[in-house]
Each structure stands twice: as structure tokens, then as C-alpha cells.
2 protein chains.
Amino acid sequence: MGEFSNQGDKRRDDAARAAWLYFINGRTQDEIARQLDLSRQAVQRLVSFAVNEKLIKFRMDHPIASCMSLAQEIAERHQLEFCDVVPTDRAEPESIGGVSLATALRMNRLLSAKAPTVLAVGTGRTLRAAVDELDAIDRPQHKIVSLVGNMAADGHASPYEVAMRLADKIGAQRFPMPAPVVTETAEEREALQSQRSFAILHELRAQARASFVGIGELSWQSPLHQDGFVSDAEIAELIEAGAVGEITGWPFDIDGRRVDTSIYDRVASLNLETPPKRLTVVVGCGPQKVSPIKAALTGQLLSALVTDEATAMKILEDQ
Amino acid sequence: MGEFSNQGDKRRDDAARAAWLYFINGRTQDEIARQLDLSRQAVQRLVSFAVNEKLIKFRMDHPIASCMSLAQEIAERHQLEFCDVVPTDRAEPESIGGVSLATALRMNRLLSAKAPTVLAVGTGRTLRAAVDELDAIDRPQHKIVSLVGNMAADGHASPYEVAMRLADKIGAQRFPMPAPVVTETAEEREALQSQRSFAILHELRAQARASFVGIGELSWQSPLHQDGFVSDAEIAELIEAGAVGEITGWPFDIDGRRVDTSIYDRVASLNLETPPKRLTVVVGCGPQKVSPIKAALTGQLLSALVTDEATAMKILEDQ
DNA sequence: ATTTTCACTAAGCAATTGCTCACACATGGT
DNA sequence: ACCATGTGTGAGCAATTGCTTAGTGAAAAT
């Protein structure tokens with residue numbers, strides 16, 4: 001009783017206790033310090049730690065009318081299963097805190113099920129942040145399958161891998177994709193995809209309850225390019241061919257249709273299901289995501305969307 | 001679009017937006033004021049309003065070891081379906097914020113089900129506070145049935161009625177008990193209970209997924225007495241006869257057994273099911289609740305408990 | 001034994017927040 | 001028109017919080 005396996009647990013416990021007294025019982029840090037016999041600074045550190053580590057969570061329990069109406073409009077117009085729109089922080093329009101929280105709530109709902117569930121995920125900053133917001137639950141019966149590799153051609157890995165981290169978080173079985181996003185040659189992709197592990201990924205995706213994917217723009221500043229997944233020549237070719245966005249590495253044009261360039265035969269990720277065969281949630285916000293999302297909606301590449309108010313408004317503009 | 005049915009909605013929306021930016025995006029009230037074009041004070045009021053109205057919620061997502069071990073010990077010793085123990089605010093040991101939050105989480109879980117669910121509830125401050133913490137969901141298919149009336153013999157009603165408020169909150173069907181807790185005469189109770197509405201209450205309780213009840217001590221300061229449900233003479237008689245606690249008006253002694261006094265034939269609430277036929281959650285904390293809870297545990301009057309750390313420790317002492 | 005490292009504390013300052021008060025403005029009743 | 005009433009606002013102050021610095025002591029490393 002009352003013993004801790006290590007110091008870290010004790011610290012987390014103290015932090016949780018301090019945060020409880022602070023947020024839920026509404027005490028000041030001074031009072032908590034006296035109560036727990038610590039210095040005020042220690043309490044301040046604990047509370048801050050608890051917030052950073054998300055031992056304590058904030059959740060909005062009120063539908064904001066303007067967000068709701070944007071969401072409904074988008075969902076109806078594109079026949080989505082759902083659309084979540086969160087308030088934009090205008091001082092920092094690229095902030096992903098809001099959408100990742102909303103995404104985490106959706107993931108939570110699916111993952112809290114006791115029945116074994118397969119979830120397919122892409123990669124990206126926003127998804128990664130969403131995983132950090134997930135509730136701590138233990139679901140060894142679930143399976144997390146990666147839709148896309150996270151290696152560049154030069155072999156270095158992007159830090160935004162999601163499947164492993166998600167599986168870690170909930171103790172699920174993990175099925176990462178051991179591949180680059182885009183291979184050097186078409187033959188290389190063939191070789192990769194003929195491996196048994198790829199067949200398993202395909203098989204699992206077919207059983208997946210839902211897919212969660214990010215969305216990228218295609219430009220010289222695009223994440224796909226910056227993270228080194230595609231070369232200068234390739235990005236130029238893609239832009240030239242009219243590609244405006246990509247999902248799990250698959251480029252598409254303004255109408256959401258596939259773009260035939262030399263990389264099309266070298267994208268190693270699982271194919272996009274068009275139209276989606278399962279709940280396919282696209283997550284993203286920010287000015288640069290507007291046209292990719294518009295295109296994806298037009299091309300019916302998704303069946304659900306999580307974004308923010310500013311992006312939602314631009315998506316609805318002059319359509 | 002963007003229109004509001006009334007001013008209150010607009011205010012709540014603004015508050016929600018301010019709270020979102022404050023808690024979720026981590027901006028200062030000053031920044032939010034500039035962004036929403038309001039004074040800092042207005043933002044401070046909005047944030048405070050959002051917290052008070054629970055538009056924004058705090059939730060702990062970390063099991064505190066000492067609370068967990070107390071909970072496990074109690075649950076095992078008394079074969080409970082669950083026991084939730086929350087940290088105590090030692091500066092205010094009677095504070096019910098924590099247990100009501102924990103209770104609300106348990107209620108939420110049951111009420112979020114889509115399948116029509118019947119929930120039976122007692123009365124009391126803690127339960128009342130728990131209802132205020134519930135998520136805003138709409139569940140017209142559910143039914144809320146009251147286990148106990150909330151009128152005193154003199155006809156005045158206690159403000160701690162729970163069933164109606166709970167039903168309001170989630171839009172469920174309501175089945176209040178139109179009766180005093182203790183009638184004047186045994187005949188009066190007979191008359192009440194022969195009414196059709198009572199048969200319905202019984203019937204519904206039999207279908208209930210769970211009961212949530214408070215627990216009271218029996219003393220001159222007990223809520224039952226202070227709220228005027230029982231007279232001076234009656235409380236004296238009960239104490240004399242060895243009653244230490246009550247649940248929905250039913251008094252019991254230190255072993256959790258019924259106490260035969262003159263009021264036993266006049267308690268109008270639905271009978272206690274002993275042992276419980278369904279999930280029966282007792283909610284309460286504070287020094288004065290210790291022996292009632294101990295007694296109820298001994299007499300197997302409950303199948304789940306929500307309390308706080310200090311109370312839990314005292315419950316486990318020298319048993 | 002000595003040094004290094006680390007974590008913590010006290011102190012103090014600057015930023016942020018909570019609260020009060022006096023005042024403006026709208027509303028509804030007389 | 002005039003007056004209560006209440007609702008919201010801005011200013012200002014006090015409390016609280018976030019953060020930095022310097023110092024202390026314990027544990028680990030040398």
C-alpha cells in the first residue's frame with residue numbers, strides 16, 4: 001500500500017493530487033502547499049507538470065453555435081458521417097491544439113470499446129498531437145495499423161510516426177509499415193508490397209473500424225517535401241502536374257483525382273479507398289490546408305473531417 | 001446562420017469561446033480580449049462564467065496510487081462492483097466537489113448508452129451536485145425514477161430533489177415520487193402506496209439499470225432532521241433505538257440492519273433491496289458519514305461506493 | 001574524501017488574474 | 001417624464017501565479 005515502483009510515479013501522483021486540488025477543488029497553490037507540506041513553487045511546478053503531462057484534462061461541454069453551423073453545412077454538403085469544427089485561435093491560426101483535442105475525443109470513443117477494434121492511422125504532426133491527448137486506457141485487444149511508412153528515401157525517419165505511439169499509449173498490438181513513403185523505383189515498391197507483412201497490413205486495414213489521416217498541401221513548403229519524403233525534382237513534377245494535396249503520400253489534384261506522375265507507381269502506402277469503405281477521418285487546419293481539404297472533399301476521399309473555424313469558413317467560401 | 005435564439009445563448013457561446021482559448025489554447029485573458037475585441041475584464045468574467053456553468057470541464061486522467069489502493073481494499077473486502085476514492089481537500093474535508101464529480105462520471109457512463117435505460121435516484125446535496133457535473137447530452141429514451149419523496153411532513157419541499165433535475169438535464173422522462181419521506185401515520189403511507197403511481201415507481205425501479213443514493217447519519221444534526229423530514233421526537237426515538245444512518249429515509253443500525261421504531265411503518269420511499277438486486281451506488285464523504293457507510297457496508301446495503309480518501313481511510317480503520 | 005549533479009527551497013519580481021466599486025445604459029413600471 | 005432595477009463596463013487594487021536567481025543539501029560519480 002502506498003508504495004511506488006519508482007520516483008516518476010510518485011511525482012506523477014503528487015502532481016495529480018496537486019492538480020486535483022487546484023482545478024477541481026479550486027484551491028490556490030499556496031493553500032495546496034500548506035496542505036501537502038511543500039513550497040508554493042513546488043506546487044506550481046507540480047500543477048504545471050500535470051497540465052503538460054495531461055494528467056488533468058480540459059474538455060468543452062458546450063456546442064458553439066457558429067462552429068456547429070459550419071460543421072453541419074460541411075457535413076451535409078459533402079455527406080460526411082461527421083464534421084467537427086473547433087474555435088480558431090486567431091493569434092496563432094496554425095495552432096493544432098484544438099483539432100488534435102477534438103480528434104482525440106473521436107479516437108477515444110472508438111478505442112474505449114471493449115470489442116477488439118482495428119484502427120488505421122496515417123502520420124503527421126496533428127495526429128501525433130491527438131495521440132498525446134488520448135485518455136490513458138489499456139486495450140490490448142485492439143490493433144493499430146499504419147497506412148503509411150515514415151521513412152525518407154535516405155533512410156531517416158520522420159518524428160511524426162503515429163501508429164507505434166498510439167499502440168504504446170493504449171497497449172494495443174502494433175502493425176507499423178516498414179517502408180519509405182515513396183520508393184526509389186517502381187520495382188522497389190513491387191518488392192516491398194509483395195512481402196507478407198504488406199499483405200497483413202492490407203488485410204487488417206480491410207477490417208479496420210476507421211482510418212485517421214492527416215492531409216498535406218503540395219508545395220515547396222509542404223511537409224512531404226520538407227521532411228525529405230520526396231525530392232526537389234519530384235515536388236516540381238507534382239506541382240507541374242496539378243497536384244494540390246496528399247493523403248498518406250497519395251497526391252491528388254484540385255478535384256481530388258489522382259495525379260499521374262512518375263511517383264504514382266512508387267508510393268508505398270496502402271491505397272486510398274475512394275470512396276471510403278469505412279469511417280475515414282481527415283484531420284487538419286490552417287490556411288495552407290484549405291485547398292487540399294476542398295479537393296479531398298470534392299473527390300470524396302474522406303467520410304469525416306476535423307478542422308477549425310477559420311479553415312471551415314474558407315472551405316465553404318464560394319463553392 | 002450565426003443567429004441566437006436569445007441573449008443567454010450568445011453569452012454562453014462567447015464564454016465557451018473564451019474558455020476554449022484560455023484553457024485549451026493556453027492564451028492569456030489579455031490576448032483573448034484583443035482577439036475577441038473585448039475588455040480584459042469581460043474575458044475574465046466570461047472565463048469565470050464558463051467554469052461556473054461547467055461549459056468547460058476538468059477531468060483527472062491519472063490513477064492516484066493511494067486512492068486506488070484504498071478503493072481496491074474496500075471493494076474487495078465488501079465485494080463491491082466498484083469503489084471510487086477521490087483525493088480529499090484537507091482544508092475543507094466536507095467538500096463534496098470531488099465525489100460529485102466522480103459520481104457524475106459514473107452516471108455519465110450509464111446514461112451515455114443509447115439503449116433506453118432506467119436510473120433510480122435518491123436525494124441529497126452530493127447527488128444534486130453530481131447532476132450539475134453531468135455532460136450535456138440528450139437522452140429522451142431514458143427514464144429517471146425517484147426512490148424517495150422530497151417533502152417534509154409540513155409540506156415544504158427540500159431543495160435537494162434530484163430526479164427532476166437529472167431528467168431535465170438529459171431530457172429524460174421523469175418519475176418523481178409525490179410523497180413525504182415519512183408520513184404522519186401508517187395508514188397514510190398505505191393510502192399513498194396503494195396509488196397507481198407508486199406501483200409504476202416500483203415497476204420502474206425493478207427495471208432500473210442502477211440506483212444512485214446518498215447516505216445520511218442519524219443525529220440531531222443529520223440532514224433528515226435538519227430538513228424537517230423527521231421530528232425531534234422521531235429522531236430521539238431513532239437514536240435511542242440504535243440507528244446510525246439512513247438511505248432514502250430507511251434507518252439502519254451499526255450492523256446495517258433495520259431499526260424497529262415507530263417510523264418504520266411510515267417511511268414512504270421504495271424499500272431498500274438487501275442485498276441489492278442491481279448496481280446500487282452509495283455516494284458520500286466526510287467524517288459524519290463514516291459510521292453510516294461502515295454500517296451500510298456491513299449490512300450489504302450497497303454494491304458500489306463513491307467517497308473520498310479521508311473517509312475511505314476511516315472506513316478501513318480497525319475493522 | 002571530494003566533486004559533480006540534481007532537486008529542491010526561499011526570495012523576489014513581473015505578469016496575470018480576481019474582485020470591488022462607481023458609473024453608464026437600457027428596461028419597465030408609475 | 002421620472003424613477004427603481006438590474007445588467008454590464010472600465011478603472012484600479014490586491015491576490016495569485018509564473019519565472020528567475022541564488023543558495024542548500026543529498027545522492028551519485030570520481
# chains A, B, ... in the order shown; residues from 1 in each chain; ligands from 1
$ closest_atom_pairs --of "chain B" --to "chain D" --cutoff "10 Å" --atoms "only C-alpha atoms (C1' of nucleotides)" --output "CSV"
residue,atom,partner,partner_atom,distance
B:Ser39,CA,D:DG10,C1',8.3
B:Arg40,CA,D:DG10,C1',9.8
B:Gln41,CA,D:DG10,C1',8.4
B:Ala42,CA,D:DT9,C1',8.2
$ interface_residues --of "chain A" --to "chain B" --cutoff "9 Å" --atoms "only C-alpha atoms" --output "VMD selection string"
chain A and resid 1 to 4 9 to 10 12 to 14 16 to 17 19 to 21 23 to 25 27 31 to 32 35 54 to 67 69 to 70 86 to 91 95 to 98 101 135 to 136
$ interface_residues --of "chain B" --to "chain C" --cutoff "9 Å" --atoms "only C-alpha atoms (C1' of nucleotides)" --output "MDAnalysis selection string"
chainID B and resid 28:30 44
$ write_last_selection --atoms "C-alpha atoms" --output "PDB file, in the first residue's frame"
ATOM      1  CA  THR B  28      -3.879  34.844 -21.512  1.00  0.00           C
ATOM      2  CA  GLN B  29      -7.062  36.737 -20.869  1.00  0.00           C
ATOM      3  CA  ASP B  30      -5.435  39.844 -22.317  1.00  0.00           C
ATOM      4  CA  GLN B  44     -12.267  37.268 -17.087  1.00  0.00           C
TER       5      GLN B  44
END
$ select_by_dssp --residues "segment 93-155 of chain B" --states "helix (DSSP H, G or I)" --output "list in words"
Gly97, Gly98, Val99, Ser100, Leu101, Ala102, Thr103, Ala104, Leu105, Arg106, Met107, Asn108, Arg109, Leu110, Leu111, Arg125, Thr126, Leu127, Arg128, Ala129, Ala130, Val131, Asp132 and Glu133 of chain B
$ residues_around --residues "Leu302 of chain A" --least-positions-apart "3" --cutoff "9 Å" --atoms "only C-alpha atoms (C1' of nucleotides)" --output "list of chain:residue names"
A:Leu80, A:Glu273, A:Thr274, A:Pro275, A:Pro276, A:Leu279, A:Thr280, A:Val281, A:Val282, A:Ala296, A:Leu297, A:Gly299, A:Leu305
$ write_last_selection --atoms "N, CA and C atoms" --output "CSV table (one decimal), in the first residue's frame"
chain,number,residue,atom,x,y,z
A,80,LEU,N,-20.8,13.8,-45.2
A,80,LEU,CA,-19.9,13.2,-44.3
A,80,LEU,C,-20.6,12.6,-43.1
A,273,GLU,N,-8.9,4.5,-50.3
A,273,GLU,CA,-10.2,3.9,-50.7
A,273,GLU,C,-11.1,5.0,-51.2
A,274,THR,N,-11.4,5.0,-52.5
A,274,THR,CA,-12.3,6.1,-53.0
A,274,THR,C,-13.4,5.5,-53.7
A,275,PRO,N,-14.6,5.7,-53.2
A,275,PRO,CA,-15.0,6.4,-52.0
A,275,PRO,C,-14.6,5.5,-50.8
A,276,PRO,N,-14.5,6.1,-49.6
A,276,PRO,CA,-14.1,5.4,-48.4
A,276,PRO,C,-15.0,4.2,-48.1
A,279,LEU,N,-15.2,4.5,-42.0
A,279,LEU,CA,-15.1,5.8,-41.5
A,279,LEU,C,-13.6,6.3,-41.7
A,280,THR,N,-13.5,7.4,-42.5
A,280,THR,CA,-12.2,7.9,-42.9
A,280,THR,C,-12.1,9.3,-42.5
A,281,VAL,N,-11.4,9.6,-41.4
A,281,VAL,CA,-11.4,10.9,-40.8
A,281,VAL,C,-10.1,11.6,-41.3
A,282,VAL,N,-10.3,12.8,-41.9
A,282,VAL,CA,-9.2,13.6,-42.3
A,282,VAL,C,-9.1,14.7,-41.2
A,296,ALA,N,-10.0,17.2,-51.5
A,296,ALA,CA,-10.3,15.9,-51.0
A,296,ALA,C,-11.8,15.7,-50.8
A,297,LEU,N,-12.5,16.8,-50.4
A,297,LEU,CA,-14.0,16.7,-50.3
A,297,LEU,C,-14.6,16.5,-51.6
A,299,GLY,N,-13.3,15.2,-54.2
A,299,GLY,CA,-13.0,13.8,-54.7
A,299,GLY,C,-13.5,12.7,-53.9
A,305,LEU,N,-14.5,14.8,-41.1
A,305,LEU,CA,-13.5,15.9,-41.1
A,305,LEU,C,-13.4,16.5,-39.7
$ select_by_dssp --residues "segment 207-288 of chain A" --states "strand (DSSP E or B)" --output "ChimeraX atom specification"
/A:210-214,216-217,243-247,250-253,258,267,279-283
$ closest_residue --among "A:Gln300, A:Cys285, A:Asp265, A:Arg45" --to "Arg77 of chain A" --atoms "only C-alpha atoms"
A:Gln300
$ atom_distance --atom1 "atom CA of Ser291 of chain A" --atom2 "atom CA of Val99 of chain A"
17.6 Å
$ residues_around --residues "Gln193 of chain A" --least-positions-apart "2" --cutoff "12 Å" --atoms "only C-alpha atoms (C1' of nucleotides)" --output "PyMOL selection string"
chain A and resi 177-180+183+186-191+195-202+265-271
$ atom_distance --atom1 "atom CA of Ala157 of chain B" --atom2 "atom CA of His225 of chain B"
13.4 Å
